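K.L.:
Sharing a structure with you now.
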Amino acid sequence: MSNYDEFLKEKPKTSRPKKKASSDLTWNLLTVVMVVMTLCACGFFFSVLTNPYSALNPLRPSTLVPPPPTATMTPLGFDATWTPTVTIAPSETATRRPTITTEPTNTLFVITTPTNTFTPSITVIASRTPRPTGVPYNVTVSWEDSTKYRPDTSCASMYVAGKALGTNNNPITGLQVSLGGSVPGKVFVPPLTTLTGISPIYGPSGFEFDLRVAPVASSKGLWVQLFDQSGTPLSEQVQLKTYTDCKKNLINVSFQQK
């Protein structure tokens with residue numbers, strides 16, 4: 001009998017599938033157990049890590065004892081009435097060394113007689129004859145009733161009026177007349193100013209000031225003066241008297257060129 005025939009007569013070996021299935025189940029169970037244990041271990045460590053004082057921690061740390069209070073340093077200060085006193089140490093004053101004073105010596109000098117070599121000469125210089133000084137207008141004052149010139153006026157006010165005349169009694173217009181000072185009840189500051197020729201009722205060069213105050217007595221409290229267009233005085237500053245008499249409520253001032 002050949003080997004081939006023996007091979008054919010041999011019975012095939014049967015496998016054991018049941019034993020292999022039993023082995024796979026065991027390993028699966030062990031795997032599940034390991035996974036569960038790993039999860040439990042992770043949960044345990046996470047619980048201990050987040051709360052070291054958990055009951056699951058067999059090595060819980062001891063309870064913390066608060067540290068003792070720290071002493072606070074209180075700075076020392078001066079009393080409210082304490083004032084520092086500064087003591088200045090005396091400084092040394094240098095003493096000057098004595099100086100040597102030289103004795104005076106005789107100085108020789110010679111008295112000489114000066115010779116006058118200057119010959120004065122007299123030079124005659126022609127000079128102008130000085131013109132007479134002073135203002136070119138005289139002033140004449142009189143007291144009258146204002147109704148003589150202006151019938152529309154009354155004794156309710158005082159007036160200062162007049163005119164300016166040249167050397168030939170010709171009227172001079174365009175000159176400035178200023179009135180200032182005071183009377184009881186009124187002060188003329190700054191002075192009143194008008195021009196000659198504005199009030200022709202007193203003549204072609206007439207002027208007028210309405211004091212707008214009832215006649216009152218005063219002595220040299222009121223003044224009047226004549227000026228040219230540049231403000232140069234042409235007359236003296238004349239002090240005026242006033243009266244309570246209604247027949248003298250107009251002070252007539254006449255400027256006459258010399």
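Please note that chains go A, B, ... in the order of the structure tokens, that every chain numbers its residues from 1, and that ligands are numbered from 1 in the order shown.
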If you count only C-alpha atoms, which residues fall within 12 Å of Pro58 (chain A), apart from same-chain ones fewer than 6 positions away, as a list in words?

P.N.:
Phe44, Phe45, Val48 and Pro52 of chain A

K.L.:
Work out how far apart CA of Gln176 (chain A) and CA of Gly134 (chain A) are and give it in Å to one decimal.

P.N.:
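Interatomic distance, CA of Gln176 (chain A) to CA of Gly134 (chain A): 18.0 Å.
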
K.L.:
Between A:Trp27, A:Ser154, A:Leu240, A:Ser142, which one has atoms that come closest to Gly180 (chain A), using only C-alpha atoms?

P.N.:
A:Leu240

K.L.:
So that I can see what lies close to region 249-256 of chain A, please list as an mmCIF file with N, CA and C atoms, in the first residue's frame the residues with an atom at most 6 Å from it, counting only C-alpha atoms and leaving out residues fewer than 4 positions away in the same chain.

P.N.:
data_model
loop_
_atom_site.group_PDB
_atom_site.id
_atom_site.type_symbol
_atom_site.label_atom_id
_atom_site.label_comp_id
_atom_site.auth_asym_id
_atom_site.auth_seq_id
_atom_site.Cartn_x
_atom_site.Cartn_y
_atom_site.Cartn_z
ATOM 1 N N TYR A 137 -7.398 190.943 23.607
ATOM 2 C CA TYR A 137 -8.779 191.388 23.775
ATOM 3 C C TYR A 137 -9.022 191.831 25.216
ATOM 4 N N ASN A 138 -9.678 192.981 25.362
ATOM 5 C CA ASN A 138 -10.176 193.429 26.649
ATOM 6 C C ASN A 138 -11.601 192.924 26.842
ATOM 7 N N VAL A 139 -12.024 192.895 28.108
ATOM 8 C CA VAL A 139 -13.350 192.366 28.419
ATOM 9 C C VAL A 139 -14.129 193.410 29.212
ATOM 10 N N THR A 140 -15.369 193.617 28.794
ATOM 11 C CA THR A 140 -16.289 194.519 29.489
ATOM 12 C C THR A 140 -17.535 193.733 29.871
ATOM 13 N N VAL A 141 -17.943 193.861 31.155
ATOM 14 C CA VAL A 141 -19.075 193.080 31.661
ATOM 15 C C VAL A 141 -20.141 194.036 32.179
ATOM 16 N N SER A 142 -21.395 193.736 31.859
ATOM 17 C CA SER A 142 -22.543 194.482 32.386
ATOM 18 C C SER A 142 -23.686 193.504 32.649
ATOM 19 N N TRP A 143 -24.672 193.928 33.494
ATOM 20 C CA TRP A 143 -25.805 193.086 33.858
ATOM 21 C C TRP A 143 -27.095 193.737 33.381
ATOM 22 N N GLU A 144 -27.929 192.964 32.699
ATOM 23 C CA GLU A 144 -29.149 193.495 32.103
ATOM 24 C C GLU A 144 -30.281 192.488 32.259
ATOM 25 N N ASP A 145 -31.479 192.944 31.849
ATOM 26 C CA ASP A 145 -32.650 192.071 31.829
ATOM 27 C C ASP A 145 -32.646 191.302 30.505
ATOM 28 N N SER A 146 -32.807 189.959 30.584
ATOM 29 C CA SER A 146 -32.734 189.127 29.369
ATOM 30 C C SER A 146 -33.853 189.452 28.382
ATOM 31 N N MET A 158 -30.800 182.133 34.036
ATOM 32 C CA MET A 158 -29.781 183.166 33.848
ATOM 33 C C MET A 158 -29.072 182.913 32.524
ATOM 34 N N TYR A 159 -28.528 183.984 31.921
ATOM 35 C CA TYR A 159 -27.879 183.894 30.629
ATOM 36 C C TYR A 159 -26.547 184.636 30.690
ATOM 37 N N VAL A 160 -25.573 184.123 29.924
ATOM 38 C CA VAL A 160 -24.311 184.816 29.684
ATOM 39 C C VAL A 160 -24.203 184.975 28.180
ATOM 40 N N ALA A 161 -24.190 186.225 27.709
ATOM 41 C CA ALA A 161 -24.189 186.485 26.271
ATOM 42 C C ALA A 161 -23.284 187.669 25.987
ATOM 43 N N GLY A 162 -23.082 187.975 24.689
ATOM 44 C CA GLY A 162 -22.251 189.109 24.321
ATOM 45 C C GLY A 162 -21.810 189.035 22.883
ATOM 46 N N LYS A 163 -20.658 189.692 22.587
ATOM 47 C CA LYS A 163 -20.159 189.755 21.210
ATOM 48 C C LYS A 163 -18.653 189.969 21.254
ATOM 49 N N ALA A 164 -18.002 189.826 20.065
ATOM 50 C CA ALA A 164 -16.569 190.060 19.907
ATOM 51 C C ALA A 164 -16.381 191.085 18.801
ATOM 52 N N LEU A 165 -15.602 192.174 19.120
ATOM 53 C CA LEU A 165 -15.398 193.253 18.172
ATOM 54 C C LEU A 165 -13.917 193.447 17.912
ATOM 55 N N PRO A 215 -32.022 182.691 38.758
ATOM 56 C CA PRO A 215 -31.059 183.679 39.238
ATOM 57 C C PRO A 215 -30.686 183.426 40.697
#

K.L.:
Give the strand (DSSP E or B) residues of region 113-251 of chain A, as DSSP finds them on the backbone, and put them as JSON, numbers by chain.

P.N.:
{"A": [137, 138, 139, 140, 141, 142, 143, 144, 159, 160, 161, 162, 163, 164, 165, 171, 176, 177, 178, 179, 180, 181, 182, 183, 186, 187, 188, 189, 190, 191, 192, 193, 194, 195, 207, 208, 209, 210, 218, 219, 220, 221, 222, 223, 224, 225, 226, 227, 233, 238, 239, 240, 241, 242, 250, 251]}

K.L.:
Tell me which of A:Leu179, A:Ile198, A:Val32, A:Leu192 sits closest to Trp223 (chain A), counting only C-alpha atoms.

P.N.:
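Looking only at the distances to Trp223 (chain A), the closest residue turns out to be A:Leu179.
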